[in-house]
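Asker: Following this message is one structure expressed as structure tokens.
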Amino acid sequence: MERSTIVRVHDGLHARPATRFVKLAKSFESDIELVKDDRSVSAKSSVKLMLLGVKENEEITVRATGADAIEAIEALIGYLENPHAGLEDDGAVQPQKQDTGKPAARKPAQGLPADGALRGVAASEGAAIGAVYGFFPAEIKHENRPLAANAIADEVLRLKQAIATVQKRMDASLAETGLAESDRGIVAALKDIANDDELTGGAIAIVEGGIDAVSAVIGATSKIASDFATMDDPYLNARADDVNAVGRQICLALLGQEDVNLDTIAEGSILVAEDIGAWDLARAPLKRIAGVICGHGGATSHVAIIARAHGIPAVLGLGRAVLDLKHARTVALDGDSGEVFADPDAGITGRFQAAIAKAGAEKQALTAYRDVTPRRADGTVIDIAANIGSLEEIDAAKEAGAMGVGLFRTELLFMRHIHLPSEDLQAETYSSLARAFAPHAVIVRTLDIGGDKPIAGVDFPDEENPFLGWRGIRMCLDRPDIFKPQLRALLRAAVHGNIKVMLPMISDVGEVRATKTLIGECAAELAAAGTAFAHFDLGVMIETPAAVLIAPALAREVAFFSIGTNDLTQYIMAADRLNPTVAKLNDVTHPAVMAAIELTAKAGTDAGIMVGMCGEAAGRPDLIPAFIAMGLTELSMSPSSIQRAKKCVLEGSKAD
């Protein structure tokens with residue numbers, strides 16, 4: 001049997017999503033194929049799957065034959081239709097902004113010279129200067145040594161043992177508690193390549209043809225890497241480096257050698273390499289590395305992703321020019337412009353040191369606001385809270401000094417599972433969140449899912465514009481089988497005393513009243529079952545023009561407002577915020593949008609309820625004074641903006 005769908009996986013089935021897809025496919029007994037256009041490949045081979053070049057928004061067919069074919073197709077289709085598929089390997093360690101692997105174009109660091117520089121790919125922002133640590137391991141050469149017929153079986157066995165050795169080493173890396181979650185997903189993807197039939201089977205076939213194992217591995221990996229390199233997708237191009245890195249590890253195991261490692265790198269050194277495998281970098285003492293310069297790789301390579309995740313400036317793709325740095329003593333790099341300077345003179349050194357010191361001072365100065373409680377001039381506390389989407393983001397928010405959570409997006413909890421999450425799982429998640437931030441408030445947004453963000457278990461209709469369709473509270477009220485378990489879970493978590501709940505996409509007072517009725521039913525069900533629960537404050541997101549215009553009526557029904565400026569702006573301006581051709585209209589500072597915010601704030605303050613904001617604008621220093629003047633007393637934002645926002649509030653209160 002087979003079923004077709006449109007792929008919603010963000011950026012398609014590149015390395016990590018492909019790895020997760022293959023792992024899921026392997027959990028079924030059926031033979032499973034993925035079909036794109038007139039090509040089909042085994043769904044249980046990550047290399048073949050990546051070479052198929054499946055991109056986001058392409059149509060794909062899943063074909064399965066076997067006893068569990070129905071279950072397999074349902075699960076795999078659910079994966080393909082999930083925009084966040086594969087990202088759970090990252091542990092959501094990038095809470096402020098999902099990493100697309102495509103950094104925005106940046107200007108060179110202010111004051112840094114452009115002349116006399118080597119130029120590569122600006123792969124991870126920031127400037128660095130330090131001693132060169134050269135990483136230039138010896139090249140492994142293939143001899144194409146012919147084998148005697150009676151030696152082939154032993155050579156095949158030796159190759160299989162080498163592959164197993166590499167896998168064990170990667171398993172050991174994955175078992176290390178110190179490995180960052182962002183790096184764990186990358187190592188898992190490399191391990192999958194090391195076990196892929198396309199690579200291992202190809203190498204074994206060459207050995208069986210009478211060629212030595214080392215040459216066979218080099219030949220097999222070179223072919224696959226070449227296939228990746230010729231594809232028109234930068235994510236897939238970057239996988240050529242991964243295949244070559246895995247091939248090198250297998251060759252070293254065959255030769256009984258250990259690769260050069262980075263254990264001895266000194267604090268503050270700049271790592272310079274012609275090529276470096278993501279596995280090697282992920283296992284390195286990253287806190288000692290001030291910068292990375294590499295001849296290979298680009299902005300979408302795993303080396304770049306690791307560098308960005310750890311805040312290490314990096315310039316990649318220098319080509320053979322990187323050899324000019326091999327014998328340099330010091331090197332300076334600008335990860336914003338892609339410029340590299342070998343043995344910089346006093347002028348360049350001074351400029352770099354000044355730029356680095358300024359950036360460091362600005363970052364350090366803001367840490368003074370971490371534990372500050374900002375207040376208005378009249379003494380009113382302004383809560384600076386965090387927007388987060390998973391429990392993995394708690395530490396980053398607390399480290400930044402978040403005064404609770406102003407927006408917990410529950411979508412990821414639903415989207416990262418193949419089946420709808422149980423009431424118990426939801427209750428434990430919300431309880432963990434409440435415990436982590438007590439006594440500060442935690443505002444949980446009920447499920448805000450629509451045709452643009454599908455989840456397993458809900459069939460969404462085809463809609464011309466899902467942003468104006470069956471989403472948020474509209475879907476939830478139509479599907480009490482999904483909504484009521486979430487409400488019961490929230491009532492159970494409310495026993496911790498700091499849970500608040502807000503409803504998305506409200507356009508009518510009747511939607512609030514209908515939700516209150518369901519909450520009453522859920523409370524009665526929990527009481528009848530003898531399950532502990534407590535009531536919570538109920539609020540609404542103000543993100544539709546209708547909600548702004550009926551804000552006084554809504555304020556009589558709820559305990560708080562939270563203004564969602566992202567959607568509010570696009571709805572007021574009638575401009576899709578994902579459409580670049582109308583991007584200039586999506587401006588929160590437009591008089592119409594600011595007027596809507598002010599109307600909402602007035603309705604809330606007149607009714608005596610809290611008014612907050614959880615859109616991106618909440619963290620803008622240029623707008624925070626205006627929002628506070630309107631009466632907002634809670635601003636929720638990405639953790640990276642929290643300390644700057646606290647500083648802004650304090651400076652504003654002093655000015656008043």
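By convention here, the chains of the structure tokens are called A, B, ... in the order presented, each chain's residues are numbered starting at 1, and ligands are numbered starting at 1 in the order presented.
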Would you mind listing what lies within 7 Å of Ala618 (chain A) as a ChimeraX atom specification, with only C-alpha atoms counted and same-chain residues fewer than 6 positions away left out?
Answerer: /A:624,635-637
Asker: Could you write out the selected residues, including N, CA and C atoms, as a PDB file, in the first residue's frame?
Answerer:
```pdb
ATOM      1  N   ILE A 624       9.971  49.625  24.376  1.00  0.00           N
ATOM      2  CA  ILE A 624       9.603  49.289  25.759  1.00  0.00           C
ATOM      3  C   ILE A 624       9.084  50.505  26.530  1.00  0.00           C
ATOM      4  N   LEU A 635       6.285  41.934  30.149  1.00  0.00           N
ATOM      5  CA  LEU A 635       6.850  41.820  28.812  1.00  0.00           C
ATOM      6  C   LEU A 635       7.556  40.479  28.726  1.00  0.00           C
ATOM      7  N   SER A 636       7.188  39.684  27.737  1.00  0.00           N
ATOM      8  CA  SER A 636       7.773  38.352  27.612  1.00  0.00           C
ATOM      9  C   SER A 636       8.483  38.244  26.275  1.00  0.00           C
ATOM     10  N   MET A 637       9.665  37.625  26.285  1.00  0.00           N
ATOM     11  CA  MET A 637      10.542  37.684  25.111  1.00  0.00           C
ATOM     12  C   MET A 637      11.501  36.507  25.086  1.00  0.00           C
TER      13      MET A 637
END
```
Asker: List as a PyMOL selection string the protein and nucleic acid residues near Lys287 (chain A), meaning an atom at most 9 Å away when only C-alpha atoms are counted, but skip any in the same chain fewer than 2 places from it.
Answerer: chain A and resi 267-268+284-285+289-290+310+312
Asker: Can I get the residues of region 239-319 of chain A within 12 Å of region 213-216 of chain A, each with the closest pair of atoms and their distance in Å to one decimal, using only C-alpha atoms, sorted chain first then ascending number, as JSON lines?
Answerer:
```
{"residue": "A:Gly247", "atom": "CA", "partner": "A:Val214", "partner_atom": "CA", "distance": 9.1}
{"residue": "A:Arg248", "atom": "CA", "partner": "A:Val214", "partner_atom": "CA", "distance": 9.2}
{"residue": "A:Gln249", "atom": "CA", "partner": "A:Val214", "partner_atom": "CA", "distance": 10.6}
{"residue": "A:Ile250", "atom": "CA", "partner": "A:Val214", "partner_atom": "CA", "distance": 8.2}
{"residue": "A:Cys251", "atom": "CA", "partner": "A:Val214", "partner_atom": "CA", "distance": 5.4}
{"residue": "A:Leu252", "atom": "CA", "partner": "A:Val214", "partner_atom": "CA", "distance": 8.6}
{"residue": "A:Ala253", "atom": "CA", "partner": "A:Val214", "partner_atom": "CA", "distance": 9.5}
{"residue": "A:Leu254", "atom": "CA", "partner": "A:Val214", "partner_atom": "CA", "distance": 6.8}
{"residue": "A:Leu255", "atom": "CA", "partner": "A:Val214", "partner_atom": "CA", "distance": 8.0}
{"residue": "A:Gly256", "atom": "CA", "partner": "A:Val214", "partner_atom": "CA", "distance": 11.5}
```
Asker: Could you save the residues just selected, with N, CA and C atoms, as a PDB file, in the first residue's frame?
Answerer:
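Saved file part-v6.pdb follows:
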```
ATOM      1  N   GLY A 247      34.195   8.025   6.489  1.00  0.00           N
ATOM      2  CA  GLY A 247      35.116   7.141   5.769  1.00  0.00           C
ATOM      3  C   GLY A 247      36.511   7.177   6.356  1.00  0.00           C
ATOM      4  N   ARG A 248      36.963   8.363   6.747  1.00  0.00           N
ATOM      5  CA  ARG A 248      38.290   8.478   7.344  1.00  0.00           C
ATOM      6  C   ARG A 248      38.377   7.687   8.648  1.00  0.00           C
ATOM      7  N   GLN A 249      37.332   7.771   9.460  1.00  0.00           N
ATOM      8  CA  GLN A 249      37.342   7.044  10.733  1.00  0.00           C
ATOM      9  C   GLN A 249      37.401   5.531  10.515  1.00  0.00           C
ATOM     10  N   ILE A 250      36.696   5.050   9.507  1.00  0.00           N
ATOM     11  CA  ILE A 250      36.733   3.611   9.212  1.00  0.00           C
ATOM     12  C   ILE A 250      38.127   3.210   8.733  1.00  0.00           C
ATOM     13  N   CYS A 251      38.727   4.047   7.900  1.00  0.00           N
ATOM     14  CA  CYS A 251      40.079   3.752   7.419  1.00  0.00           C
ATOM     15  C   CYS A 251      41.079   3.714   8.567  1.00  0.00           C
ATOM     16  N   LEU A 252      40.974   4.661   9.484  1.00  0.00           N
ATOM     17  CA  LEU A 252      41.885   4.668  10.637  1.00  0.00           C
ATOM     18  C   LEU A 252      41.716   3.416  11.473  1.00  0.00           C
ATOM     19  N   ALA A 253      40.469   2.967  11.630  1.00  0.00           N
ATOM     20  CA  ALA A 253      40.234   1.731  12.385  1.00  0.00           C
ATOM     21  C   ALA A 253      40.861   0.539  11.659  1.00  0.00           C
ATOM     22  N   LEU A 254      40.786   0.520  10.343  1.00  0.00           N
ATOM     23  CA  LEU A 254      41.413  -0.553   9.563  1.00  0.00           C
ATOM     24  C   LEU A 254      42.936  -0.552   9.734  1.00  0.00           C
ATOM     25  N   LEU A 255      43.496   0.649   9.856  1.00  0.00           N
ATOM     26  CA  LEU A 255      44.944   0.781   9.973  1.00  0.00           C
ATOM     27  C   LEU A 255      45.429   0.668  11.416  1.00  0.00           C
ATOM     28  N   GLY A 256      44.475   0.555  12.334  1.00  0.00           N
ATOM     29  CA  GLY A 256      44.856   0.460  13.745  1.00  0.00           C
ATOM     30  C   GLY A 256      45.413   1.758  14.290  1.00  0.00           C
TER      31      GLY A 256
END
```
Asker: Just list the residues in region 295-505 of chain A DSSP gives helix (DSSP H, G or I) on the backbone, as a PyMOL selection string.
Answerer: chain A and resi 302-309+319-325+346-369+391-400+411-415+423-437+466-468+473-478+480-496
